[in-house]
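Student: Contents of final07.csv (CSV, C-alpha atoms):
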chain,number,residue,atom,x,y,z
A,488,MET,CA,71.1,2.3,83.1
A,489,ILE,CA,68.6,5.0,82.2
A,490,LEU,CA,69.6,4.7,78.5
A,491,PHE,CA,69.1,0.9,78.6
A,492,ILE,CA,65.7,1.3,80.4
A,493,SER,CA,64.7,3.8,77.6
A,494,PHE,CA,65.8,1.2,75.1
A,495,LEU,CA,63.7,-1.5,76.7
A,496,VAL,CA,60.6,0.8,76.8
A,497,CYS,CA,61.1,1.5,73.0
A,498,LEU,CA,61.6,-2.2,72.4
A,499,PHE,CA,58.4,-3.0,74.4
A,500,ALA,CA,56.4,-0.4,72.4
A,501,GLY,CA,57.7,-1.7,69.1
A,502,ALA,CA,56.9,-5.3,70.0
A,503,ALA,CA,53.4,-4.3,71.2
A,504,PHE,CA,52.8,-2.5,67.9
A,505,THR,CA,53.9,-5.6,66.0
A,506,GLY,CA,51.6,-7.8,68.0
A,507,PHE,CA,48.7,-5.4,67.6
A,508,ARG,CA,49.2,-5.4,63.9
A,509,ARG,CA,49.3,-9.3,64.0
A,510,MET,CA,52.3,-9.5,61.7
A,511,LEU,CA,52.7,-13.1,63.0
A,512,ARG,CA,49.4,-15.0,63.1
A,513,LEU,CA,48.5,-18.4,64.3
A,514,GLU,CA,47.3,-19.5,60.9
A,515,HIS,CA,50.9,-18.9,59.6
A,516,LEU,CA,52.2,-21.6,61.9
A,517,ASN,CA,52.7,-25.1,60.9
A,518,GLU,CA,54.9,-28.1,62.0
A,519,ALA,CA,57.9,-27.1,59.9
A,520,ARG,CA,57.8,-23.4,61.0
A,521,VAL,CA,57.4,-24.3,64.7
A,522,ALA,CA,60.2,-26.9,64.5
A,523,ASN,CA,62.5,-24.4,62.7
A,524,GLY,CA,61.7,-21.7,65.2
A,525,VAL,CA,62.5,-24.0,68.1
A,526,LEU,CA,65.8,-25.0,66.4
A,527,ILE,CA,66.8,-21.4,65.8
A,528,ALA,CA,66.1,-20.5,69.4
A,529,VAL,CA,68.1,-23.5,70.7
A,530,ILE,CA,71.0,-22.5,68.4
A,531,ILE,CA,71.0,-18.9,69.5
A,532,LEU,CA,70.9,-19.9,73.2
A,533,THR,CA,73.7,-22.4,72.6
A,534,VAL,CA,75.9,-19.8,70.9
A,535,MET,CA,75.2,-17.3,73.6
A,536,SER,CA,76.0,-19.8,76.3
A,537,PHE,CA,79.2,-20.8,74.6
A,538,ALA,CA,80.2,-17.2,74.0
A,539,HIS,CA,79.6,-16.4,77.7
A,540,LEU,CA,81.6,-19.3,78.9
A,541,SER,CA,84.4,-18.4,76.5
A,542,GLY,CA,84.6,-14.9,77.8
A,543,PHE,CA,83.2,-13.1,74.7
A,544,PHE,CA,80.0,-12.1,76.6
A,545,SER,CA,80.2,-10.7,80.1
A,546,GLN,CA,77.5,-11.5,82.6
A,547,SER,CA,76.2,-8.0,82.2
A,548,VAL,CA,75.9,-8.2,78.4
A,549,ALA,CA,74.2,-11.6,78.6
A,550,ALA,CA,71.7,-10.3,81.1
A,551,LYS,CA,70.9,-7.3,78.9
A,552,VAL,CA,70.3,-9.5,75.9
A,553,THR,CA,68.1,-11.8,77.9
A,554,MET,CA,66.1,-8.9,79.3
A,555,SER,CA,65.6,-7.5,75.8
A,556,LEU,CA,64.2,-10.9,74.6
A,557,TYR,CA,61.8,-11.1,77.5
A,558,THR,CA,60.7,-7.5,76.8
A,559,VAL,CA,60.0,-8.3,73.2
A,560,ALA,CA,58.0,-11.3,74.1
A,561,GLY,CA,56.0,-9.5,76.7
A,562,GLY,CA,55.2,-6.5,74.4
A,563,PHE,CA,54.3,-8.7,71.5
A,564,PHE,CA,51.8,-10.8,73.4
A,565,ILE,CA,50.2,-7.9,75.2
A,566,GLY,CA,49.7,-6.0,71.9
A,567,TYR,CA,48.4,-9.2,70.3
A,568,GLY,CA,45.9,-9.7,73.1
A,569,ILE,CA,44.7,-6.1,72.9
A,570,LYS,CA,44.1,-6.6,69.2
A,571,LEU,CA,42.1,-9.8,69.8
A,572,ILE,CA,39.9,-8.0,72.4
A,573,SER,CA,39.3,-5.2,69.8
A,574,ILE,CA,38.3,-7.8,67.1
A,575,ARG,CA,36.0,-9.6,69.5
A,576,LYS,CA,34.3,-6.3,70.4
A,577,LYS,CA,33.7,-5.4,66.7
A,578,ALA,CA,32.4,-8.9,66.0
A,579,GLY,CA,29.4,-8.3,68.3
A,580,GLY,CA,27.8,-10.7,70.8
A,581,ILE,CA,28.1,-14.5,70.7
A,582,GLU,CA,25.4,-16.3,68.7
A,583,TYR,CA,26.9,-19.8,69.5
A,584,MET,CA,30.0,-21.2,71.1
A,585,HIS,CA,30.6,-24.8,72.3
A,586,ARG,CA,31.4,-24.5,76.0
A,587,SER,CA,33.0,-27.2,78.1
A,588,PHE,CA,35.5,-27.4,80.9
A,589,TRP,CA,38.4,-28.3,78.6
A,590,THR,CA,37.6,-25.8,75.9
A,591,ASP,CA,36.6,-22.8,78.1
A,592,VAL,CA,37.4,-23.1,81.8
A,593,ALA,CA,40.7,-25.0,81.8
A,594,PRO,CA,42.5,-22.7,79.2
A,595,ASN,CA,41.4,-19.6,81.2
A,596,ILE,CA,42.7,-21.2,84.5
A,597,ILE,CA,46.1,-21.8,82.8
A,598,ALA,CA,46.2,-18.3,81.4
A,599,ILE,CA,45.3,-16.7,84.7
A,600,GLY,CA,47.9,-18.9,86.5
A,601,LEU,CA,50.6,-17.7,84.1
A,602,PHE,CA,49.5,-14.1,84.6
A,603,VAL,CA,49.6,-14.4,88.4
A,604,PHE,CA,52.9,-16.2,88.3
A,605,GLY,CA,54.3,-13.4,86.1
A,606,ILE,CA,53.3,-10.8,88.6
A,607,TYR,CA,55.0,-12.9,91.3
A,608,ARG,CA,58.1,-13.3,89.2
A,609,THR,CA,58.5,-9.5,89.0
A,610,GLY,CA,58.9,-9.4,92.8
A,611,VAL,CA,56.0,-7.0,93.3
A,612,LEU,CA,54.0,-9.3,95.5
A,613,GLN,CA,57.0,-9.9,97.9
A,614,TRP,CA,58.4,-6.4,97.7
A,615,GLU,CA,61.8,-7.9,97.3
A,616,TYR,CA,64.8,-6.4,95.6
A,617,PHE,CA,63.8,-6.0,92.0
A,618,THR,CA,66.1,-7.3,89.3
A,619,GLY,CA,65.9,-6.6,85.6
A,620,ILE,CA,65.7,-10.3,84.7
A,621,GLY,CA,62.9,-10.8,87.2
A,622,ILE,CA,60.9,-7.9,86.0
A,623,THR,CA,61.3,-8.6,82.3
A,624,SER,CA,60.7,-12.4,82.6
A,625,GLY,CA,57.6,-11.7,84.7
A,626,LEU,CA,56.5,-9.2,82.0
A,627,SER,CA,56.8,-11.9,79.4
A,628,LEU,CA,54.7,-14.4,81.5
A,629,ILE,CA,52.1,-11.7,82.1
A,630,GLY,CA,51.9,-11.0,78.3
A,631,PHE,CA,51.7,-14.7,77.4
A,632,GLY,CA,49.0,-15.3,80.1
A,633,PHE,CA,47.0,-12.2,78.9
A,634,TRP,CA,47.2,-13.4,75.3
A,635,GLY,CA,46.2,-16.9,76.3
A,636,TRP,CA,43.2,-15.5,78.1
A,637,THR,CA,42.1,-13.6,74.9
A,638,VAL,CA,42.4,-16.6,72.6
A,639,ARG,CA,39.6,-19.2,72.3
A,640,ILE,CA,40.5,-22.7,71.1
A,641,VAL,CA,37.0,-23.2,69.7
A,642,PRO,CA,35.4,-21.0,67.1
A,643,GLU,CA,33.0,-18.2,68.2
A,644,PHE,CA,30.0,-17.7,66.0
A,645,ARG,CA,29.2,-14.0,66.6
A,646,GLU,CA,26.9,-11.4,65.2
A,647,GLU,CA,29.3,-10.2,62.5
A,648,GLY,CA,31.1,-13.4,61.7
A,649,VAL,CA,33.0,-16.4,62.9
A,650,LEU,CA,36.1,-15.8,65.1
A,651,VAL,CA,38.6,-18.7,64.6
A,652,LEU,CA,41.5,-18.3,67.0
A,653,ASP,CA,42.9,-15.0,65.9
A,654,LYS,CA,41.1,-14.8,62.5
A,655,MET,CA,37.7,-13.1,61.9
A,656,ILE,CA,35.7,-14.5,59.0
A,657,PRO,CA,32.8,-12.1,58.2
A,658,TRP,CA,29.4,-13.7,57.4
A,659,LYS,CA,29.5,-12.2,53.9
A,660,LYS,CA,32.6,-14.3,53.1
A,661,ILE,CA,31.1,-17.6,54.2
A,662,VAL,CA,30.0,-19.4,51.1
A,663,ALA,CA,28.7,-22.8,52.3
A,664,TYR,CA,28.9,-25.5,55.0
A,665,ARG,CA,28.5,-29.2,55.1
A,666,TRP,CA,29.0,-32.1,57.6
A,667,GLU,CA,32.1,-34.1,57.0
A,668,SER,CA,31.1,-36.6,59.6
A,669,GLU,CA,28.6,-36.9,62.4
A,670,ASN,CA,30.2,-34.2,64.6
A,671,THR,CA,32.6,-32.5,62.1
A,672,LEU,CA,31.4,-29.3,60.4
A,673,LEU,CA,33.2,-28.0,57.4
A,674,ILE,CA,32.8,-24.3,56.5
A,675,GLU,CA,33.8,-22.9,53.2
A,676,TYR,CA,34.8,-19.2,53.0
A,677,LEU,CA,36.5,-16.6,50.8
A,678,ASN,CA,40.1,-15.9,52.0
A,679,HIS,CA,42.0,-12.6,51.5
A,680,GLN,CA,42.9,-13.7,48.0
A,681,LYS,CA,39.2,-14.4,47.4
A,682,ASN,CA,39.8,-18.1,46.9
A,683,ILE,CA,37.8,-20.7,48.7
A,684,SER,CA,39.3,-21.9,52.0
A,685,GLU,CA,38.0,-24.5,54.4
A,686,TYR,CA,37.8,-24.8,58.2
A,687,LYS,CA,36.7,-27.8,60.2
A,688,THR,CA,35.4,-27.8,63.7
A,689,PHE,CA,33.8,-30.1,66.2
A,690,ILE,CA,30.1,-29.6,66.9
A,691,PRO,CA,28.3,-31.7,69.6
A,692,SER,CA,25.3,-33.7,68.3
A,693,GLU,CA,22.9,-31.8,70.6
A,694,ASP,CA,24.0,-28.5,69.0
A,695,GLU,CA,23.8,-29.5,65.3
A,696,LEU,CA,20.3,-28.2,64.7
A,697,ILE,CA,21.3,-24.9,66.4
A,698,ILE,CA,24.3,-24.3,64.3
A,699,GLU,CA,22.5,-25.3,61.1
A,700,LYS,CA,19.8,-22.8,61.7
A,701,LEU,CA,22.4,-20.1,62.5
A,702,LEU,CA,24.5,-20.7,59.5
A,703,GLY,CA,21.5,-21.0,57.1
A,704,ARG,CA,20.1,-17.7,58.4
A,705,LYS,CA,23.4,-15.8,58.3
A,706,ILE,CA,24.4,-17.1,54.8
A,707,LYS,CA,21.0,-16.0,53.5
A,708,GLU,CA,21.2,-12.6,55.2
A,709,HIS,CA,24.5,-11.7,53.5
A,710,GLU,CA,23.8,-13.3,50.1
A,711,GLU,CA,23.8,-10.0,48.2
A,712,GLU,CA,27.1,-8.9,49.8
A,713,ARG,CA,28.7,-12.2,48.9
A,714,LYS,CA,27.6,-12.0,45.3
A,715,LYS,CA,29.1,-8.5,45.0
A,716,ILE,CA,32.5,-9.8,46.3
A,717,ILE,CA,32.5,-12.7,43.9
A,718,LEU,CA,31.4,-10.5,40.9
A,719,SER,CA,34.1,-8.0,41.7
A,720,GLU,CA,36.7,-10.8,41.7
A,721,GLU,CA,35.4,-12.1,38.3
A,722,GLU,CA,35.6,-8.6,36.8
A,723,ASN,CA,39.2,-8.2,38.0
Would you mind writing the file out in structure tokens?
Tutor:
Amino acid sequence: MILFISFLVCLFAGAAFTGFRRMLRLEHLNEARVANGVLIAVIILTVMSFAHLSGFFSQSVAAKVTMSLYTVAGGFFIGYGIKLISIRKKAGGIEYMHRSFWTDVAPNIIAIGLFVFGIYRTGVLQWEYFTGIGITSGLSLIGFGFWGWTVRIVPEFREEGVLVLDKMIPWKKIVAYRWESENTLLIEYLNHQKNISEYKTFIPSEDELIIEKLLGRKIKEHEEERKKIILSEEEN
């Protein structure tokens, strides 16, 4: 048991490191990848269930595999959340962010609810007999709730750049912006390959003047840095 607990600790640390390094990012997800991921998960669970019913997996082995998966999930999301807090801190104070109940308050309530339920699932609040499944499943819920609390579903226009979900776009990489429609703002920026990418977001009518002044000022402030980036790419 001590050996397995040590294994879980190492597994948690490795998953947390992976999450902190953001080896899997939200921008990498699309409908096909999500569908394939769900399909693979269903296949694995089906195979495991069939193997258990057929006697290939004992209850003990199945429990250890499940605990390992819960531990990986918990470590990954906790590491990911810590990284997002670090990014947000480096990005500086908020210059503009569209706040409403559904974009700001409701997601936080859900995240906190998951976090609290995760603590309850571990058995700590009831001081009951602790089980490995209960502790690790609670840990995964705590990790997911913590990560959900650190992610914002609307972009944050901060002192050092624009934070979009889990991606930070420095002001020096923002090339231009334009209005696609009355309330849809399109921002053009240089990606990691130094090609032009686009991001669209909703801006309320009453905030359009605020965001235009902010973007105009920031783009002008970092004009020289942006030129250096573009020139270095042309030289290469």
Student: Which is closer to Pro594 in chain A than all the others in A:Ile581, A:Val548, A:Ile622, A:Val641, using only C-alpha atoms?
Tutor: A:Val641
Student: CA of Gly600 in chain A and CA of Gly632 in chain A are how many Å apart?
Tutor: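 About the pair CA of Gly600 in chain A and CA of Gly632 in chain A: they are 7.4 Å apart.
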Student: Could you produce a table of the residues of range 566-655 of chain A lying within 12 Å of range 707-717 of chain A, with the nearest pair of atoms per residue and their separation in Å rounded to one decimal, using all atoms listed in the file, ordered by chain and increasing residue number, as a Markdown table?
Tutor:
| residue | atom | partner | partner_atom | distance |
| --- | --- | --- | --- | --- |
| A:Glu646 | CA | A:Glu708 | CA | 11.6 |
| A:Glu647 | CA | A:His709 | CA | 10.3 |
| A:Gly648 | CA | A:His709 | CA | 10.7 |
Student: Suppose you want the space between CA of Gly580 in chain A and CA of Gln680 in chain A; what is it in Å?
Tutor: 27.5 Å
Student: Closest to Ser555 in chain A among A:Leu628, A:Ala502, A:Ile674, A:Leu652, using all atoms listed in the file?
Tutor: A:Ala502
Student: Do you know which residues are at most 10 Å from range 491-498 of chain A counting only C-alpha atoms, after dropping those on the same chain fewer than 4 positions away, and could you put them as JSON, numbers by chain?
Tutor: {"A": [502, 503, 504, 551, 554, 555, 556, 557, 558, 559, 560, 562, 563, 619, 623]}
Student: List as a tab-separated table every residue of range 556-627 of chain A that is in contact with range 681-702 of chain A, defined as an atom at most 10 Å from one of its atoms (using only C-alpha atoms), together with the nearest atom pair and the distance in Å rounded to one decimal, sorted by chain and then rising number.
Tutor:
residue	atom	partner	partner_atom	distance
A:Glu582	CA	A:Leu701	CA	7.9
A:Tyr583	CA	A:Ile698	CA	7.4
A:Met584	CA	A:Ile690	CA	9.4
A:His585	CA	A:Ile690	CA	7.2
Student: Residues near Tyr567 in chain A, anyone? I mean within 6 Å using all atoms listed in the file, not counting same-chain ones fewer than 2 positions away, as a PyMOL selection string.
Tutor: chain A and resi 506-507+564-565+569-570
Student: So that I have them on file, write out the residues from the current selection with C-alpha atoms, as an mmCIF file, in the frame of the given file.
Tutor:
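Below you can see selection-v3.cif, which holds the result:
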data_model
loop_
_atom_site.group_PDB
_atom_site.id
_atom_site.type_symbol
_atom_site.label_atom_id
_atom_site.label_comp_id
_atom_site.auth_asym_id
_atom_site.auth_seq_id
_atom_site.Cartn_x
_atom_site.Cartn_y
_atom_site.Cartn_z
ATOM 1 C CA GLY A 506 51.600 -7.800 68.000
ATOM 2 C CA PHE A 507 48.700 -5.400 67.600
ATOM 3 C CA PHE A 564 51.800 -10.800 73.400
ATOM 4 C CA ILE A 565 50.200 -7.900 75.200
ATOM 5 C CA ILE A 569 44.700 -6.100 72.900
ATOM 6 C CA LYS A 570 44.100 -6.600 69.200
#
Student: Find the residues around Gly621 in chain A up to 8 Å (only C-alpha atoms counted), leave out those fewer than 5 positions away in its own chain, and share them as a list in words.
Tutor: Arg608, Thr609 and Gly610 of chain A
Student: Could you check which of A:Ile599, A:Arg586, A:Asp653, A:Arg665 is closest to Phe633 in chain A, using only C-alpha atoms?
Tutor: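 Among the listed residues, the smallest separation from Phe633 in chain A belongs to A:Ile599.
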Student: So the first atom is CA of Val552 in chain A and the second is CA of Leu612 in chain A; what is the distance between them in Å, to one decimal place?
Tutor: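 CA of Leu612 in chain A lies 25.5 Å from CA of Val552 in chain A.
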Student: When you count all atoms listed in the file, which of these residues is closest to Thr505 in chain A: A:Gly566, A:Gly605, A:Gly542, A:Gly524?
Tutor: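 Using all atoms listed in the file, the shortest distance to Thr505 in chain A belongs to A:Gly566.
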Student: A:Leu571, A:Val525, A:Arg639, A:Ala519: which is nearest Val592 in chain A, counting only C-alpha atoms?
Tutor: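 Distance minimum relative to Val592 in chain A lands on A:Arg639.
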Student: Measuring between all atoms listed in the file, which one of A:Gly635, A:Ile574, A:Lys659, A:Ile620 shows the shortest distance to Ile596 in chain A?
Tutor: A:Gly635
